[in-house]
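Structure file upload21.cif; described as mmCIF, C-alpha atoms.
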data_work
loop_
_atom_site.label_atom_id
_atom_site.label_comp_id
_atom_site.auth_asym_id
_atom_site.auth_seq_id
_atom_site.Cartn_x
_atom_site.Cartn_y
_atom_site.Cartn_z
CA MET A 1 69.92 99.25 38.62
CA ALA A 2 72.09 96.90 36.59
CA LEU A 3 71.47 94.19 39.19
CA PHE A 4 67.70 94.30 38.58
CA ALA A 5 68.16 94.47 34.81
CA ASP A 6 70.40 91.41 35.06
CA LEU A 7 67.85 89.64 37.27
CA VAL A 8 64.98 90.29 34.86
CA GLY A 9 67.25 89.34 31.94
CA ARG A 10 68.18 86.04 33.59
CA LEU A 11 64.52 85.32 34.35
CA ALA A 12 63.74 86.00 30.69
CA ASP A 13 66.49 83.58 29.64
CA LEU A 14 65.08 80.90 31.96
CA LEU A 15 61.56 81.43 30.63
CA GLN A 16 62.66 81.49 26.97
CA PRO A 17 61.81 77.80 26.29
CA LEU A 18 58.26 78.30 27.61
CA PHE A 19 57.38 81.77 26.34
CA HIS A 20 59.70 82.23 23.33
CA ALA A 21 59.49 85.85 22.11
CA SER A 22 57.43 86.94 25.12
CA ALA A 23 59.93 85.65 27.71
CA ALA A 24 60.92 89.18 28.84
CA ALA A 25 57.28 90.11 29.41
CA ALA A 26 56.79 86.88 31.40
CA ALA A 27 59.92 87.72 33.42
CA ILE A 28 58.46 91.13 34.26
CA VAL A 29 55.22 89.52 35.40
CA LEU A 30 57.16 86.98 37.47
CA PHE A 31 59.36 89.70 39.01
CA THR A 32 56.25 91.74 39.88
CA ALA A 33 54.57 88.67 41.40
CA LEU A 34 57.68 87.96 43.49
CA VAL A 35 57.70 91.53 44.80
CA ARG A 36 54.01 91.24 45.66
CA LEU A 37 54.66 87.91 47.40
CA LEU A 38 57.46 89.43 49.45
CA VAL A 39 55.29 92.31 50.68
CA HIS A 40 52.19 90.16 51.19
CA PRO A 41 52.61 90.00 54.99
CA LEU A 42 52.83 93.79 55.05
CA SER A 43 49.73 94.05 52.87
CA ARG A 44 47.78 91.83 55.25
CA ALA A 45 48.88 93.94 58.21
CA ALA A 46 47.85 97.07 56.30
CA ALA A 47 44.41 95.59 55.59
CA ARG A 48 43.97 94.77 59.28
CA GLY A 49 45.03 98.31 60.17
CA GLN A 50 42.62 99.78 57.65
CA ARG A 51 39.74 97.73 59.08
CA ALA A 52 40.67 98.90 62.58
CA ARG A 53 40.80 102.52 61.42
CA ALA A 54 37.42 102.12 59.73
CA ALA A 55 35.99 100.80 63.00
CA LEU A 56 37.23 103.99 64.70
CA GLN A 57 35.42 106.31 62.28
CA PRO A 58 32.35 106.84 64.50
CA GLN A 59 34.59 107.76 67.43
CA ILE A 60 36.65 110.08 65.23
CA ALA A 61 33.45 111.78 64.06
CA GLU A 62 32.50 112.35 67.70
CA LEU A 63 35.93 113.81 68.42
CA ARG A 64 35.59 116.05 65.38
CA LYS A 65 32.23 117.32 66.66
CA LYS A 66 33.57 117.81 70.15
CA HIS A 67 36.84 119.54 69.15
CA GLY A 68 35.79 120.98 65.78
CA LYS A 69 36.83 124.51 66.64
CA ASN A 70 40.17 123.56 68.21
CA PRO A 71 42.39 121.55 65.82
CA GLU A 72 45.15 121.11 68.40
CA LYS A 73 42.82 119.43 70.91
CA PHE A 74 41.34 117.33 68.11
CA GLN A 75 44.79 116.10 67.05
CA LYS A 76 45.75 115.32 70.65
CA ALA A 77 42.49 113.44 71.25
CA LEU A 78 42.89 111.59 67.94
CA MET A 79 46.42 110.48 68.84
CA GLU A 80 45.18 109.33 72.26
CA LEU A 81 42.39 107.36 70.59
CA HIS A 82 44.86 105.68 68.22
CA ALA A 83 47.18 104.85 71.13
CA LYS A 84 44.32 103.50 73.27
CA GLU A 85 43.01 101.30 70.45
CA LYS A 86 46.57 100.37 69.30
CA VAL A 87 45.85 101.46 65.74
CA SER A 88 48.53 103.14 63.68
CA PRO A 89 47.29 105.96 61.45
CA LEU A 90 50.07 105.15 58.92
CA SER A 91 49.78 101.36 58.70
CA GLY A 92 48.23 101.38 55.22
CA CYS A 93 51.17 103.27 53.70
CA LEU A 94 53.90 100.74 54.51
CA PRO A 95 53.23 98.15 51.75
CA SER A 96 53.00 100.84 49.09
CA LEU A 97 56.27 102.35 50.22
CA CYS A 98 57.95 98.93 50.16
CA GLN A 99 56.67 98.07 46.68
CA ALA A 100 57.30 101.44 45.08
CA PRO A 101 61.08 101.06 44.57
CA ALA A 102 60.62 97.78 42.69
CA PHE A 103 58.03 99.29 40.35
CA PHE A 104 60.13 102.42 39.85
CA LEU A 105 63.05 100.16 38.93
CA LEU A 106 60.90 98.30 36.41
CA TYR A 107 59.79 101.58 34.89
CA HIS A 108 63.39 102.75 34.76
CA LEU A 109 64.44 99.49 33.06
CA PHE A 110 62.08 100.18 30.17
CA SER A 111 62.55 103.91 29.89
CA ASN A 112 66.34 103.95 29.51
CA THR A 113 68.21 102.72 26.46
CA SER A 114 71.36 102.07 28.47
CA ILE A 115 71.92 100.63 31.92
CA GLY A 116 75.29 100.76 33.61
CA GLY A 117 76.87 102.14 30.44
CA GLU A 118 75.74 99.18 28.33
CA ALA A 119 72.81 98.83 25.93
CA ASN A 120 69.57 97.77 27.59
CA GLU A 121 69.05 94.24 26.24
CA LEU A 122 65.50 94.04 27.60
CA LEU A 123 64.35 96.56 25.02
CA THR A 124 65.14 94.12 22.21
CA HIS A 125 62.45 91.66 23.38
CA THR A 126 58.82 91.71 22.27
CA LEU A 127 55.44 91.04 23.81
CA PHE A 128 53.51 89.33 21.05
CA ALA A 129 54.10 91.83 18.22
CA ALA A 130 54.97 94.88 20.34
CA PRO A 131 58.66 95.61 20.92
CA LEU A 132 59.23 96.36 24.62
CA GLY A 133 61.44 99.29 23.69
CA ASP A 134 58.68 101.09 21.80
CA ARG A 135 56.11 103.54 23.08
CA TRP A 136 52.47 104.09 22.18
CA ALA A 137 53.41 106.69 19.56
CA ASP A 138 55.74 104.15 17.92
CA ALA A 139 52.84 101.70 17.61
CA LEU A 140 50.78 104.33 15.81
CA HIS A 141 53.47 104.69 13.14
CA ASP A 142 53.68 100.96 12.52
CA GLY A 143 50.19 99.69 11.73
CA GLY A 144 48.18 102.18 13.75
CA VAL A 145 46.03 101.49 16.77
CA PHE A 146 44.59 98.37 15.18
CA GLY A 147 47.94 97.03 14.01
CA ALA A 148 49.55 94.13 15.88
CA ALA A 149 51.65 96.36 18.18
CA GLY A 150 48.84 98.86 18.70
CA LEU A 151 46.45 96.15 19.86
CA VAL A 152 49.01 94.95 22.43
CA TYR A 153 49.34 98.50 23.80
CA VAL A 154 45.56 98.94 23.89
CA GLY A 155 45.17 95.59 25.69
#

Translate this file's structure into structure tokens.
Amino acid sequence: MALFADLVGRLADLLQPLFHASAAAAAIVLFTALVRLLVHPLSRAAARGQRARAALQPQIAELRKKHGKNPEKFQKALMELHAKEKVSPLSGCLPSLCQAPAFFLLYHLFSNTSIGGEANELLTHTLFAAPLGDRWADALHDGGVFGAAGLVYVG
């Protein structure tokens, strides 16, 4: 966890001259874009798999009609169809599973006040007028929904 906090913190430091007070928010966007770039080949494969599964839908409907009363035969026939057509029924899940840890880490970075026993420095940064360490309820106390921080949260 501390490794990712350090990575986002270093990205924020590098982006400081360009983005000033919003450098941490820019670092989060850059980190997210890098994760998406890394899993892009998997996303393309998932899209191809989803198109192939969509093309099989008429055949699956026929199998469902034919084996509607016997779920075991339907499952066996469905697996045979997937094997024959070389289509994986789980191919669309892989990119989501690969991305999820990175997004959980980002959530964890902004929901904990300490990381690795030290204060979470990322929470001291702001995005425009909204402190990254605050929550929606905090924005309501300081200027309301239409205050500077509230508008950032609404946006």

Can you translate the PyMOL selection byres ((chain A and resi 28-44) around 8) into the concrete residues it hits in this file, as a PDB file with C-alpha atoms, in the coordinates of the input?
ATOM      1  CA  VAL A   8      64.980  90.290  34.860  1.00  0.00           C
ATOM      2  CA  ALA A  24      60.920  89.180  28.840  1.00  0.00           C
ATOM      3  CA  ALA A  25      57.280  90.110  29.410  1.00  0.00           C
ATOM      4  CA  ALA A  26      56.790  86.880  31.400  1.00  0.00           C
ATOM      5  CA  ALA A  27      59.920  87.720  33.420  1.00  0.00           C
ATOM      6  CA  ALA A  45      48.880  93.940  58.210  1.00  0.00           C
ATOM      7  CA  ALA A  46      47.850  97.070  56.300  1.00  0.00           C
ATOM      8  CA  ALA A  47      44.410  95.590  55.590  1.00  0.00           C
ATOM      9  CA  ARG A  48      43.970  94.770  59.280  1.00  0.00           C
ATOM     10  CA  GLY A  92      48.230 101.380  55.220  1.00  0.00           C
ATOM     11  CA  LEU A  94      53.900 100.740  54.510  1.00  0.00           C
ATOM     12  CA  PRO A  95      53.230  98.150  51.750  1.00  0.00           C
ATOM     13  CA  CYS A  98      57.950  98.930  50.160  1.00  0.00           C
ATOM     14  CA  GLN A  99      56.670  98.070  46.680  1.00  0.00           C
ATOM     15  CA  ALA A 102      60.620  97.780  42.690  1.00  0.00           C
ATOM     16  CA  PHE A 103      58.030  99.290  40.350  1.00  0.00           C
ATOM     17  CA  LEU A 106      60.900  98.300  36.410  1.00  0.00           C
TER      18      LEU A 106
END

Note to self: So the first atom is CA of Leu105 in chain A and the second is CA of Ala2 in chain A; what is the distance between them in Å, to one decimal place?
What the structure shows: 9.9 Å

Note to self: So, with all atoms listed in the file as the atoms that count, which of A:Leu97, A:Ala52, A:Ala61, A:Leu109 lies closest to Glu85 in chain A?
What the structure shows: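 For Glu85 in chain A, the nearest of the given residues is A:Ala52.
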